[in-house]
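Trainee: Following this line is my_file21.cif, made up of mmCIF, C-alpha atoms:
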data_entry
loop_
_atom_site.label_atom_id
_atom_site.label_comp_id
_atom_site.auth_asym_id
_atom_site.auth_seq_id
_atom_site.Cartn_x
_atom_site.Cartn_y
_atom_site.Cartn_z
CA MET Q 1 -9.48 3.25 12.03
CA ALA Q 2 -10.30 6.18 14.29
CA ALA Q 3 -6.91 5.67 15.93
CA VAL Q 4 -5.08 6.61 12.72
CA ALA Q 5 -7.50 8.65 10.58
CA ASP Q 6 -8.70 12.23 10.97
CA THR Q 7 -12.02 11.28 9.35
CA TYR Q 8 -13.20 8.12 7.66
CA THR Q 9 -16.22 6.60 5.99
CA GLU Q 10 -16.53 2.83 5.88
CA THR Q 11 -17.21 1.61 2.36
CA ALA Q 12 -18.58 -1.84 1.72
CA VAL Q 13 -17.62 -3.62 -1.50
CA PRO Q 14 -19.32 -1.64 -4.28
CA ALA Q 15 -22.46 -3.25 -5.64
CA GLY Q 16 -21.74 -5.81 -8.33
CA ARG Q 17 -18.10 -6.27 -7.33
CA GLU Q 18 -18.57 -9.52 -5.41
CA THR Q 19 -18.23 -12.62 -7.53
CA PRO Q 20 -20.95 -15.25 -7.46
CA ALA Q 21 -18.47 -17.70 -6.01
CA ALA Q 22 -17.88 -15.34 -3.08
CA ALA Q 23 -21.33 -16.00 -1.65
CA PRO Q 24 -21.94 -19.70 -2.36
CA SER Q 25 -25.49 -20.95 -2.08
CA ALA Q 26 -24.32 -24.33 -0.85
CA PRO Q 27 -24.24 -24.70 2.94
CA ASP Q 28 -20.90 -24.21 4.70
CA GLY Q 29 -19.10 -22.61 1.77
CA PRO Q 30 -17.43 -23.93 -1.38
CA LEU Q 31 -16.01 -27.03 0.36
CA GLY Q 32 -19.10 -27.83 2.37
CA TRP Q 33 -16.96 -27.48 5.49
CA ARG Q 34 -19.19 -28.62 8.34
CA GLY Q 35 -19.88 -25.80 10.80
CA TYR Q 36 -18.43 -23.01 8.59
CA ASP Q 37 -21.74 -21.14 8.39
CA ASP Q 38 -22.12 -21.30 12.16
CA ALA Q 39 -18.56 -20.04 12.64
CA ARG Q 40 -19.25 -17.06 10.42
CA ALA Q 41 -22.47 -16.34 12.26
CA ARG Q 42 -20.63 -16.35 15.60
CA ALA Q 43 -17.92 -14.10 14.16
CA HIS Q 44 -20.57 -11.65 12.97
CA ALA Q 45 -22.26 -11.63 16.37
CA ARG Q 46 -18.89 -11.03 18.06
CA THR Q 47 -17.61 -8.28 15.77
CA GLY Q 48 -20.61 -6.79 14.00
CA GLU Q 49 -18.79 -7.42 10.72
CA ASP Q 50 -19.64 -9.85 7.95
CA GLU Q 51 -16.05 -10.30 6.74
CA SER Q 52 -12.49 -10.17 8.07
CA VAL Q 53 -11.66 -6.94 6.23
CA VAL Q 54 -13.27 -3.52 6.45
CA THR Q 55 -12.45 -0.86 3.86
CA ALA Q 56 -12.83 2.88 4.22
CA LEU Q 57 -12.14 6.18 2.53
CA ALA Q 58 -10.22 8.17 5.12
CA THR Q 59 -8.42 11.47 5.60
CA MET Q 60 -4.97 11.31 7.20
CA GLY Q 61 -2.93 14.44 7.61
CA GLY Q 62 -5.08 16.16 5.00
CA ARG Q 63 -4.54 13.38 2.45
CA GLU Q 64 -7.46 11.30 1.18
CA THR Q 65 -6.57 7.62 1.53
CA VAL Q 66 -8.05 4.19 0.96
CA VAL Q 67 -7.72 2.23 4.21
CA ILE Q 68 -7.90 -1.56 4.53
CA SER Q 69 -8.36 -2.76 8.10
CA PHE Q 70 -8.36 -6.40 9.21
CA GLU Q 71 -10.69 -7.59 11.98
CA PHE Q 72 -8.72 -10.41 13.59
CA ARG Q 73 -11.66 -11.44 15.75
CA TYR Q 74 -13.46 -12.48 12.58
CA LEU Q 75 -12.04 -15.95 11.94
CA GLY Q 76 -8.51 -14.86 12.76
CA GLY Q 77 -8.47 -12.18 10.08
CA SER Q 78 -8.26 -14.96 7.51
CA LEU Q 79 -8.55 -14.36 3.77
CA GLY Q 80 -11.43 -15.98 1.94
CA GLU Q 81 -13.10 -15.30 -1.40
CA ARG Q 82 -15.23 -12.43 -0.14
CA THR Q 83 -12.13 -10.97 1.50
CA GLY Q 84 -10.43 -11.09 -1.89
CA ASP Q 85 -13.40 -9.27 -3.44
CA ARG Q 86 -13.17 -6.49 -0.90
CA LEU Q 87 -9.42 -6.14 -1.29
CA GLU Q 88 -9.66 -6.04 -5.07
CA ALA Q 89 -12.40 -3.43 -4.87
CA ALA Q 90 -10.33 -1.28 -2.48
CA TYR Q 91 -7.25 -1.32 -4.72
CA THR Q 92 -9.38 -0.61 -7.79
CA HIS Q 93 -11.05 2.33 -6.05
CA ALA Q 94 -7.62 3.70 -5.14
CA ARG Q 95 -6.49 3.51 -8.77
CA GLU Q 96 -9.66 5.12 -10.06
CA ARG Q 97 -9.21 8.08 -7.71
CA GLY Q 98 -5.40 8.18 -7.68
CA LEU Q 99 -5.15 7.52 -3.94
CA PRO Q 100 -2.63 5.77 -1.68
CA VAL Q 101 -3.51 2.59 0.17
CA VAL Q 102 -2.86 2.11 3.88
CA SER Q 103 -3.30 -1.47 5.13
CA LEU Q 104 -3.77 -2.16 8.84
CA ILE Q 105 -2.99 -5.87 8.86
CA ALA Q 106 -3.79 -8.54 11.44
CA THR Q 107 -4.25 -11.96 9.92
CA GLY Q 108 -3.41 -15.60 10.39
CA GLY Q 109 -3.38 -16.35 6.66
CA SER Q 110 -5.73 -18.01 4.19
CA ARG Q 111 -9.06 -19.46 5.36
CA MET Q 112 -8.87 -23.23 5.60
CA GLN Q 113 -12.66 -23.65 5.39
CA GLU Q 114 -12.51 -22.44 1.76
CA GLY Q 115 -9.42 -24.43 0.78
CA MET Q 116 -7.67 -23.56 -2.48
CA ARG Q 117 -10.42 -21.10 -3.36
CA ALA Q 118 -9.15 -19.05 -0.41
CA LEU Q 119 -5.46 -19.50 -1.19
CA THR Q 120 -5.84 -18.24 -4.75
CA GLN Q 121 -7.01 -14.89 -3.35
CA LEU Q 122 -3.33 -14.16 -2.74
CA GLN Q 123 -2.82 -14.04 -6.50
CA ARG Q 124 -5.64 -11.52 -6.82
CA VAL Q 125 -4.17 -9.35 -4.07
CA ALA Q 126 -0.66 -9.56 -5.54
CA ARG Q 127 -1.97 -8.46 -8.94
CA GLN Q 128 -3.89 -5.53 -7.49
CA SER Q 129 -0.87 -4.40 -5.50
CA ALA Q 130 1.30 -4.58 -8.63
CA LEU Q 131 -1.24 -2.55 -10.63
CA ASN Q 132 -1.25 0.19 -8.01
CA ARG Q 133 2.53 0.15 -7.91
CA ALA Q 134 2.66 0.55 -11.69
CA ALA Q 135 0.24 3.47 -11.40
CA GLY Q 136 2.66 5.26 -9.08
CA LEU Q 137 0.38 5.09 -6.04
CA PRO Q 138 2.03 4.61 -2.63
CA GLN Q 139 1.22 1.63 -0.43
CA ILE Q 140 1.88 1.71 3.31
CA ALA Q 141 1.43 -1.31 5.55
CA VAL Q 142 1.03 -1.37 9.32
CA LEU Q 143 1.76 -4.81 10.78
CA ARG Q 144 -0.35 -5.59 13.83
CA ASP Q 145 -0.31 -8.71 15.97
CA PRO Q 146 -0.25 -11.15 14.28
CA THR Q 147 0.69 -10.64 10.64
CA THR Q 148 1.45 -14.04 9.17
CA GLY Q 149 0.93 -16.20 6.11
CA GLY Q 150 -0.32 -14.81 2.84
CA GLY Q 151 -1.39 -11.50 4.37
CA TRP Q 152 2.23 -10.80 5.27
CA ALA Q 153 3.51 -12.11 1.92
CA THR Q 154 1.15 -9.89 -0.12
CA LEU Q 155 -0.30 -6.78 1.51
CA GLY Q 156 2.52 -6.53 4.04
CA ALA Q 157 5.82 -7.36 2.40
CA ALA Q 158 4.80 -5.87 -0.96
CA ALA Q 159 4.14 -2.39 0.47
CA ASP Q 160 6.45 0.54 -0.28
CA VAL Q 161 6.76 1.47 3.39
CA ILE Q 162 6.30 -1.16 6.10
CA LEU Q 163 5.65 -0.14 9.70
CA ALA Q 164 4.96 -2.47 12.62
CA LEU Q 165 3.63 -2.21 16.15
CA PRO Q 166 6.03 -3.23 18.94
CA GLY Q 167 6.06 -6.93 19.71
CA ALA Q 168 3.81 -7.86 16.79
CA GLN Q 169 4.21 -11.41 15.52
CA VAL Q 170 5.39 -11.06 11.90
CA GLY Q 171 6.39 -13.91 9.61
CA PHE Q 172 5.23 -16.15 6.84
CA ALA Q 173 4.99 -19.07 9.27
CA GLY Q 174 2.44 -18.73 12.05
CA SER Q 175 3.17 -19.84 15.61
CA ARG Q 176 1.49 -23.24 15.15
CA VAL Q 177 3.27 -24.28 11.97
CA ARG Q 178 6.85 -23.11 12.41
CA PRO Q 179 9.60 -25.54 13.54
CA PRO Q 180 9.46 -26.17 17.29
CA ASP Q 181 13.09 -25.11 17.75
CA ALA Q 182 12.75 -21.91 15.70
CA ASP Q 183 14.22 -18.73 17.16
CA PRO Q 184 11.18 -16.66 18.21
CA SER Q 185 13.04 -13.39 17.64
CA ALA Q 186 12.95 -14.05 13.91
CA TYR Q 187 9.15 -13.94 13.95
CA CYS Q 188 8.57 -10.57 15.63
CA ALA Q 189 8.53 -6.98 14.45
CA GLU Q 190 11.85 -6.17 16.08
CA GLY Q 191 13.52 -9.20 14.50
CA GLN Q 192 12.14 -8.33 11.07
CA LEU Q 193 13.47 -4.78 11.47
CA ALA Q 194 16.93 -6.09 12.37
CA SER Q 195 16.94 -8.30 9.28
CA GLY Q 196 15.94 -5.51 6.90
CA GLN Q 197 12.39 -6.68 6.19
CA ILE Q 198 10.49 -3.69 7.58
CA ASP Q 199 11.20 0.02 7.85
CA ALA Q 200 10.31 0.91 11.44
CA VAL Q 201 8.69 -0.26 14.66
CA VAL Q 202 6.27 2.47 15.75
CA PRO Q 203 4.58 2.65 19.19
CA PRO Q 204 0.77 2.96 19.03
CA ASP Q 205 0.77 6.53 20.37
CA ARG Q 206 3.06 7.62 17.52
CA LEU Q 207 1.42 5.67 14.71
CA ARG Q 208 -1.10 8.31 13.67
CA GLY Q 209 1.52 11.06 13.37
CA THR Q 210 3.93 8.76 11.55
CA LEU Q 211 1.31 7.77 8.98
CA GLN Q 212 0.36 11.40 8.46
CA ARG Q 213 3.98 12.38 7.80
CA TRP Q 214 4.51 9.50 5.37
CA LEU Q 215 1.38 10.38 3.41
CA GLN Q 216 2.36 14.04 3.28
CA LEU Q 217 5.80 13.05 1.97
CA LEU Q 218 4.70 10.46 -0.58
CA CYS Q 219 1.50 12.17 -1.78
CA PRO Q 220 2.21 15.79 -2.77
CA PRO Q 221 -0.84 18.01 -3.32
CA ALA Q 222 -2.37 17.65 -6.78
CA GLU Q 223 -1.70 21.29 -7.64
CA SER Q 224 2.05 20.81 -7.06
CA ARG Q 225 2.39 17.83 -9.42
CA THR Q 226 3.89 18.39 -12.82
CA ARG Q 227 4.92 16.06 -15.59
CA THR Q 228 8.47 17.41 -15.45
CA VAL Q 229 10.33 16.42 -12.28
CA GLU Q 230 12.82 19.14 -11.39
CA PRO Q 231 16.19 17.95 -10.02
CA ALA Q 232 16.94 18.42 -6.35
CA PRO Q 233 19.31 21.36 -5.80
CA PRO Q 234 22.64 20.33 -4.24
CA PRO Q 235 23.07 21.27 -0.56
CA TYR Q 236 25.43 24.01 0.52
CA ALA Q 237 28.89 23.08 1.84
CA LEU Q 238 28.99 22.86 5.63
CA GLY Q 239 32.66 22.07 6.18
CA ALA Q 240 35.96 23.92 5.93
CA PRO Q 241 36.04 26.62 3.23
CA GLY Q 242 38.81 27.02 0.69
CA LEU Q 243 40.32 24.42 -1.60
CA PRO Q 244 43.17 22.06 -0.63
CA GLU Q 245 46.61 22.82 -2.01
CA THR Q 246 47.68 19.20 -2.44
CA GLY Q 247 46.10 15.85 -3.11
CA TRP Q 248 47.12 14.53 0.30
CA GLY Q 249 45.75 17.71 1.87
CA ALA Q 250 42.37 16.86 0.31
CA VAL Q 251 42.56 13.36 1.83
CA VAL Q 252 43.41 14.69 5.28
CA ARG Q 253 40.52 17.18 5.24
CA ALA Q 254 38.05 14.54 4.06
CA ARG Q 255 39.15 12.16 6.80
CA GLU Q 256 38.93 14.78 9.54
CA PRO Q 257 36.73 13.21 12.29
CA ARG Q 258 34.98 16.51 13.03
CA ARG Q 259 34.02 17.14 9.40
CA PRO Q 260 30.24 17.44 8.84
CA ARG Q 261 28.75 14.08 7.92
CA ALA Q 262 25.47 12.95 6.41
CA GLU Q 263 23.35 13.73 9.47
CA ALA Q 264 24.48 17.38 9.47
CA TYR Q 265 23.68 17.75 5.77
CA LEU Q 266 20.28 16.05 6.06
CA HIS Q 267 19.37 18.19 9.08
CA ALA Q 268 20.33 21.41 7.30
CA TYR Q 269 18.65 20.47 4.00
CA PHE Q 270 15.28 19.06 5.07
CA ASP Q 271 12.49 20.60 7.12
CA ASP Q 272 11.32 17.12 8.14
CA ARG Q 273 11.99 13.60 6.95
CA GLU Q 274 11.17 9.93 7.41
CA GLU Q 275 13.51 7.03 6.71
CA ILE Q 276 13.21 3.57 5.23
CA SER Q 277 15.39 0.72 6.46
CA GLY Q 278 16.76 -2.51 5.08
CA ASP Q 279 17.29 -4.19 1.75
CA ARG Q 280 14.37 -6.67 2.00
CA CYS Q 281 16.97 -9.42 1.51
CA GLY Q 282 17.97 -9.94 5.13
CA GLY Q 283 20.38 -7.05 5.62
CA VAL Q 284 20.67 -3.59 7.16
CA ASP Q 285 23.61 -1.21 6.79
CA PRO Q 286 23.72 1.45 9.55
CA GLY Q 287 26.26 3.31 7.42
CA ILE Q 288 23.65 4.50 4.94
CA ARG Q 289 20.54 6.64 5.49
CA CYS Q 290 17.65 6.48 3.03
CA GLY Q 291 14.25 8.13 3.04
CA PHE Q 292 12.15 11.09 2.00
CA GLY Q 293 12.10 14.67 3.23
CA HIS Q 294 10.60 18.09 2.58
CA HIS Q 295 12.89 20.72 1.06
CA GLU Q 296 11.52 24.13 0.12
CA GLY Q 297 7.97 22.84 -0.05
CA ARG Q 298 8.47 19.65 -2.04
CA THR Q 299 9.42 16.03 -1.36
CA ILE Q 300 12.90 14.80 -2.23
CA ALA Q 301 14.15 11.25 -1.73
CA PHE Q 302 17.62 10.80 -0.29
CA ALA Q 303 20.30 8.14 0.04
CA ALA Q 304 23.26 9.22 2.15
CA GLN Q 305 26.49 7.41 2.93
CA CYS Q 306 27.72 8.13 6.46
CA GLY Q 307 31.48 7.86 6.02
CA THR Q 308 31.89 4.13 6.65
CA ALA Q 309 32.58 1.34 4.18
CA THR Q 310 29.23 0.64 2.49
CA ARG Q 311 27.97 -2.89 2.89
CA PRO Q 312 25.91 -4.87 0.33
CA ALA Q 313 22.70 -4.17 2.26
CA GLY Q 314 23.43 -0.45 1.99
CA PHE Q 315 23.73 -0.56 -1.79
CA ARG Q 316 20.53 -2.60 -2.07
CA THR Q 317 18.64 -0.22 0.20
CA ALA Q 318 19.80 2.75 -1.86
CA ALA Q 319 18.72 1.01 -5.07
CA ARG Q 320 15.31 0.31 -3.50
CA LEU Q 321 15.02 3.99 -2.60
CA VAL Q 322 15.89 5.20 -6.10
CA ARG Q 323 13.40 2.86 -7.76
CA LEU Q 324 10.63 3.79 -5.32
CA ALA Q 325 11.26 7.48 -5.97
CA GLY Q 326 11.08 6.79 -9.69
CA ARG Q 327 7.67 5.14 -9.36
CA LEU Q 328 6.36 8.03 -7.29
CA GLY Q 329 7.86 10.74 -9.53
CA LEU Q 330 10.09 12.25 -6.82
CA PRO Q 331 13.64 13.59 -7.40
CA VAL Q 332 16.56 11.97 -5.59
CA LEU Q 333 19.51 13.41 -3.68
CA THR Q 334 22.50 11.21 -2.85
CA LEU Q 335 25.29 12.18 -0.47
CA VAL Q 336 28.53 10.39 -1.31
CA ASP Q 337 30.91 9.73 1.56
CA THR Q 338 32.68 6.37 1.93
CA PRO Q 339 36.26 5.09 1.90
CA GLY Q 340 34.89 2.37 -0.38
CA ALA Q 341 32.73 -0.71 -0.46
CA ALA Q 342 33.11 -3.19 2.39
CA ASN Q 343 35.52 -5.90 1.22
CA ASP Q 344 35.55 -8.39 4.07
CA ALA Q 345 34.50 -12.02 3.71
CA ALA Q 346 31.02 -11.32 5.09
CA ALA Q 347 30.47 -8.66 2.43
CA GLU Q 348 31.53 -11.05 -0.31
CA ARG Q 349 29.20 -13.75 0.99
CA ALA Q 350 26.39 -11.18 1.04
CA GLY Q 351 26.91 -10.46 -2.66
CA ALA Q 352 28.95 -7.26 -2.68
CA GLY Q 353 29.48 -7.29 -6.43
CA ALA Q 354 25.83 -7.88 -7.25
CA ALA Q 355 24.70 -5.23 -4.75
CA ILE Q 356 27.05 -2.61 -6.23
CA ALA Q 357 25.89 -3.57 -9.72
CA ASP Q 358 22.29 -3.09 -8.60
CA ALA Q 359 23.04 0.41 -7.31
CA PHE Q 360 24.82 1.34 -10.55
CA ALA Q 361 21.84 0.06 -12.54
CA ALA Q 362 19.29 1.89 -10.38
CA LEU Q 363 21.00 5.25 -10.91
CA ALA Q 364 21.74 4.61 -14.57
CA THR Q 365 18.08 3.84 -15.32
CA ALA Q 366 16.45 6.22 -12.82
CA GLU Q 367 13.12 7.54 -14.06
CA VAL Q 368 13.63 10.80 -12.14
CA PRO Q 369 16.63 13.15 -11.92
CA VAL Q 370 19.29 12.22 -9.39
CA THR Q 371 21.50 14.90 -7.84
CA SER Q 372 24.67 13.85 -6.00
CA LEU Q 373 26.96 15.73 -3.66
CA LEU Q 374 30.39 14.44 -2.64
CA ILE Q 375 30.67 15.54 1.00
CA GLY Q 376 33.81 13.67 2.09
CA GLU Q 377 35.63 10.59 0.91
CA GLY Q 378 34.95 9.27 -2.56
CA GLY Q 379 36.50 5.84 -2.42
CA SER Q 380 36.48 4.09 -5.79
CA GLY Q 381 33.47 2.14 -7.06
CA GLY Q 382 31.81 2.03 -3.65
CA ALA Q 383 31.37 5.79 -3.88
CA LEU Q 384 30.76 5.97 -7.61
CA ALA Q 385 27.80 3.58 -7.30
CA LEU Q 386 25.84 6.35 -5.55
CA ALA Q 387 27.09 9.21 -7.73
CA ALA Q 388 24.78 10.51 -10.45
CA PRO Q 389 26.49 10.07 -13.83
CA ASP Q 390 25.80 13.63 -15.01
CA ARG Q 391 24.80 15.60 -11.91
CA LEU Q 392 27.62 15.33 -9.36
CA TRP Q 393 28.87 18.23 -7.24
CA ALA Q 394 31.55 18.31 -4.52
CA THR Q 395 32.27 20.22 -1.33
CA PRO Q 396 35.67 21.88 -0.79
CA ASP Q 397 36.58 19.30 1.88
CA SER Q 398 36.13 16.21 -0.28
CA TYR Q 399 38.08 14.04 -2.69
CA PHE Q 400 37.29 11.32 -5.25
CA SER Q 401 39.81 8.71 -6.28
CA VAL Q 402 39.99 5.54 -8.31
CA ILE Q 403 41.84 4.06 -5.31
CA ALA Q 404 43.11 5.27 -1.93
CA PRO Q 405 46.58 6.86 -2.32
CA GLU Q 406 48.08 4.42 0.20
CA LEU Q 407 46.79 1.44 -1.76
CA ALA Q 408 47.94 2.93 -5.06
CA ALA Q 409 51.44 3.38 -3.66
CA ALA Q 410 51.45 -0.20 -2.35
CA ILE Q 411 50.33 -1.63 -5.70
CA LEU Q 412 52.99 0.41 -7.50
CA LYS Q 413 55.56 -0.78 -4.93
CA ARG Q 414 56.34 2.73 -3.79
CA ASP Q 415 57.50 3.45 -0.24
CA GLU Q 416 55.47 5.43 2.27
CA ALA Q 417 57.36 8.61 1.51
CA GLN Q 418 55.81 8.62 -1.97
CA ILE Q 419 52.20 8.46 -0.84
CA HIS Q 420 51.84 12.25 -0.97
CA ASP Q 421 53.22 12.38 -4.51
CA THR Q 422 50.90 9.54 -5.50
CA ALA Q 423 47.93 11.51 -4.16
CA ASP Q 424 48.93 14.47 -6.33
CA GLN Q 425 49.35 12.26 -9.39
CA LEU Q 426 45.85 10.81 -8.95
CA ARG Q 427 44.36 14.33 -9.21
CA ILE Q 428 41.72 13.81 -6.56
CA ARG Q 429 41.13 17.37 -5.29
CA PRO Q 430 37.75 19.03 -5.95
CA GLN Q 431 39.36 21.49 -8.38
CA ASP Q 432 41.03 18.58 -10.19
CA LEU Q 433 37.70 16.78 -10.49
CA LEU Q 434 36.13 19.92 -11.95
CA GLU Q 435 38.92 20.34 -14.48
CA LEU Q 436 38.67 16.68 -15.48
CA GLY Q 437 34.91 17.03 -16.02
CA VAL Q 438 34.04 14.52 -13.28
CA ILE Q 439 31.92 16.99 -11.31
CA ARG Q 440 29.69 19.88 -12.40
CA GLY Q 441 30.83 22.26 -9.73
CA ILE Q 442 32.08 22.92 -6.20
CA VAL Q 443 29.25 24.00 -3.91
CA PRO Q 444 29.69 27.13 -1.80
CA PRO Q 445 28.90 27.61 1.90
CA PRO Q 446 25.41 28.92 2.80
#
Go ahead and render the structure in this file as structure tokens.
Mentor:
Amino acid sequence: MAAVADTYTETAVPAGRETPAAAPSAPDGPLGWRGYDDARARAHARTGEDESVVTALATMGGRETVVISFEFRYLGGSLGERTGDRLEAAYTHARERGLPVVSLIATGGSRMQEGMRALTQLQRVARQSALNRAAGLPQIAVLRDPTTGGGWATLGAAADVILALPGAQVGFAGSRVRPPDADPSAYCAEGQLASGQIDAVVPPDRLRGTLQRWLQLLCPPAESRTRTVEPAPPPYALGAPGLPETGWGAVVRAREPRRPRAEAYLHAYFDDREEISGDRCGGVDPGIRCGFGHHEGRTIAFAAQCGTATRPAGFRTAARLVRLAGRLGLPVLTLVDTPGAANDAAAERAGAGAAIADAFAALATAEVPVTSLLIGEGGSGGALALAAPDRLWATPDSYFSVIAPELAAAILKRDEAQIHDTADQLRIRPQDLLELGVIRGIVPPP
């Protein structure tokens, strides 16, 4: 714990929290597993611990935190009944004091020597995690080597932010039970990152600073918390000033390769930021950036399209971001910039329609205010899915259209010479959108 915490105090399970079943009087545990008592005695002599989990109250980056740390040398970091008691006590303590939970995980799964009594601890852990989530308390997991079995499927995968050490073995199936011909890259931190299951792979020398930044972002000081969540102010316009004269002129300006994109807006808006990655369903969309940043002294969540066709994983990641911000009581900023949703066969197989529907639902039911800024192309439903229904602004070098002018002309069987007229008829310029009541305003330059 010293590697990640500024200060910490180890806290054993509070008196009276352990269940009678957790310390069975019968030799060798609840199953009478021959040699189990001796194995625990050797593990204690080797580690100095009497269980596979140590809990502590720690300070990280000035934020008080409940830390759960697995000792893998104690029976492979396995989860037994007493482990479940300690985990339940740690989550309960976090709820009672309104604190985040940081889990440093290294486990091979449930303890075989305790059989089903050990496996059912996963239900206890899942319930405690859900209770803390409902209480709006952040959970951050750090996946060490290895993180497998029920520890990955509860403390790990259920966390709000999931970090992993390079090369760590991560997967529900441990190395001795997976198919012999399984691709090993699917069971490592880097493979899980590529498939959208974790947020970042962090080298050990950067872990402490990364955890500190995440806690500072997700846990604002108590004196700054209010019941009313103020909306995020829209960013200033960074692109070409002045409004376009024609609809096609608006399209040309929005498609200009040198126009400021999401990265420029995020850099100008936030003092610092950290990003989440992946949809937790097997996909990552590099064309969308999601995370949390500091703006004028407070944390704001963001989901930003980067000018490419948004893929299903991008919509799901944005929906995950909006719902997480809602649980934590943090306002959301979305930057809208896409020619539309990806419409290739791979996108359809990945559930494009369902992913877009999920993004629409997340914004429509957001528990916190969502502010949206159109910074470039607003291509049909793929753009609208990330646009706040009642808090949308636009930059002068943007447009929003029910369909691209070229496609509209093709559907109407007009020749190419009529594309410009079609763009005008669609009324897609920022000033048109304002007059139609689609946007609340056109943002000025800084």
Trainee: Find the spatial neighbours of Glu88 in chain Q, counting all atoms listed in the file, within a cut-off of 8 Å - ignore same-chain residues fewer than 6 positions away - and output them as a ChimeraX atom specification.
Mentor: /Q:124-125,128
Trainee: Let me know the residues the PyMOL selection byres ((chain Q and resi 185-190) around 7) catches in the file above, as a ChimeraX atom specification.
Mentor: /Q:164,166-171,183-184,191-194,201
Trainee: The PyMOL selection byres ((chain Q and resi 278) around 10) - which residues does that actually catch in the file I just gave you? List them as a VMD selection string.
Mentor: chain Q and resid 192 to 200 276 to 277 279 to 286 288 to 290 313 to 318 320
Trainee: Could you name the residues that touch Arg40 in chain Q at 10 Å or less, counting all atoms listed in the file, but leaving out those on the same chain fewer than 6 positions away, as an mmCIF file with C-alpha atoms, in the coordinates of the input?
Mentor:
data_model
loop_
_atom_site.group_PDB
_atom_site.id
_atom_site.type_symbol
_atom_site.label_atom_id
_atom_site.label_comp_id
_atom_site.auth_asym_id
_atom_site.auth_seq_id
_atom_site.Cartn_x
_atom_site.Cartn_y
_atom_site.Cartn_z
ATOM 1 C CA ASP Q 28 -20.900 -24.210 4.700
ATOM 2 C CA ARG Q 46 -18.890 -11.030 18.060
ATOM 3 C CA GLU Q 49 -18.790 -7.420 10.720
ATOM 4 C CA ASP Q 50 -19.640 -9.850 7.950
ATOM 5 C CA GLU Q 51 -16.050 -10.300 6.740
ATOM 6 C CA SER Q 52 -12.490 -10.170 8.070
ATOM 7 C CA TYR Q 74 -13.460 -12.480 12.580
ATOM 8 C CA LEU Q 75 -12.040 -15.950 11.940
#
Trainee: For a quick check of understanding, using all atoms listed in the file, which of Q:Arg311, Q:Arg273, Q:Arg117, Q:Arg178 has the smallest distance to Gln212 in chain Q?
Mentor: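 Result for the nearest residue to Gln212 in chain Q: Q:Arg273.
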Trainee: Using the chain letters and numbers from this file, what does the PyMOL selection byres ((chain Q and resi 365) around 12) select? Give the answer as a list in words.
Mentor: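 Applied to this file, the PyMOL selection byres ((chain Q and resi 365) around 12) returns Ala319, Val322, Arg323, Gly326, Asp358, Ala359, Phe360, Ala361, Ala362, Leu363, Ala364, Ala366, Glu367, Val368, Pro369, Val370, Ala388 and Pro389 of chain Q.
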Trainee: Which neighbours of Pro257 in chain Q fall inside 12 Å, counting all atoms listed in the file, when residues of the same chain fewer than 6 positions from it are skipped, and could you give them as a list in words?
Mentor: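 Near neighbours after the sequence-gap exclusion: Gly239, Val251, Cys306, Gly307, Thr308, Gly376 and Glu377 of chain Q.
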Trainee: Calculated over all atoms listed in the file, which of the candidates Q:Pro220, Q:Pro445, Q:Gly136, Q:Gly242 has the smallest distance to His294 in chain Q?
Mentor: Q:Pro220
Trainee: When you draw a straight line from CA of Val102 in chain Q to CA of Gly297 in chain Q, how long is it in Å?
Mentor: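 Between these atoms lies a distance of 23.7 Å.
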Trainee: Write out N, CA and C atoms for range 213-221 of chain Q, as a PDB file, in the frame of the given file.
Mentor:
ATOM      1  N   ARG Q 213       2.751  11.856   8.420  1.00  0.00           N
ATOM      2  CA  ARG Q 213       3.980  12.380   7.800  1.00  0.00           C
ATOM      3  C   ARG Q 213       4.332  11.611   6.536  1.00  0.00           C
ATOM      4  N   TRP Q 214       4.201  10.288   6.570  1.00  0.00           N
ATOM      5  CA  TRP Q 214       4.510   9.500   5.370  1.00  0.00           C
ATOM      6  C   TRP Q 214       3.590   9.872   4.217  1.00  0.00           C
ATOM      7  N   LEU Q 215       2.311  10.028   4.488  1.00  0.00           N
ATOM      8  CA  LEU Q 215       1.380  10.380   3.410  1.00  0.00           C
ATOM      9  C   LEU Q 215       1.655  11.771   2.875  1.00  0.00           C
ATOM     10  N   GLN Q 216       2.020  12.698   3.743  1.00  0.00           N
ATOM     11  CA  GLN Q 216       2.360  14.040   3.280  1.00  0.00           C
ATOM     12  C   GLN Q 216       3.628  14.029   2.422  1.00  0.00           C
ATOM     13  N   LEU Q 217       4.563  13.129   2.743  1.00  0.00           N
ATOM     14  CA  LEU Q 217       5.800  13.050   1.970  1.00  0.00           C
ATOM     15  C   LEU Q 217       5.585  12.356   0.622  1.00  0.00           C
ATOM     16  N   LEU Q 218       4.824  11.276   0.625  1.00  0.00           N
ATOM     17  CA  LEU Q 218       4.700  10.460  -0.580  1.00  0.00           C
ATOM     18  C   LEU Q 218       3.556  10.899  -1.491  1.00  0.00           C
ATOM     19  N   CYS Q 219       2.673  11.749  -1.000  1.00  0.00           N
ATOM     20  CA  CYS Q 219       1.500  12.170  -1.780  1.00  0.00           C
ATOM     21  C   CYS Q 219       1.452  13.694  -1.835  1.00  0.00           C
ATOM     22  N   PRO Q 220       2.250  14.321  -2.688  1.00  0.00           N
ATOM     23  CA  PRO Q 220       2.210  15.790  -2.770  1.00  0.00           C
ATOM     24  C   PRO Q 220       0.849  16.259  -3.248  1.00  0.00           C
ATOM     25  N   PRO Q 221       0.447  17.484  -2.865  1.00  0.00           N
ATOM     26  CA  PRO Q 221      -0.840  18.010  -3.320  1.00  0.00           C
ATOM     27  C   PRO Q 221      -0.944  17.997  -4.835  1.00  0.00           C
TER      28      PRO Q 221
END
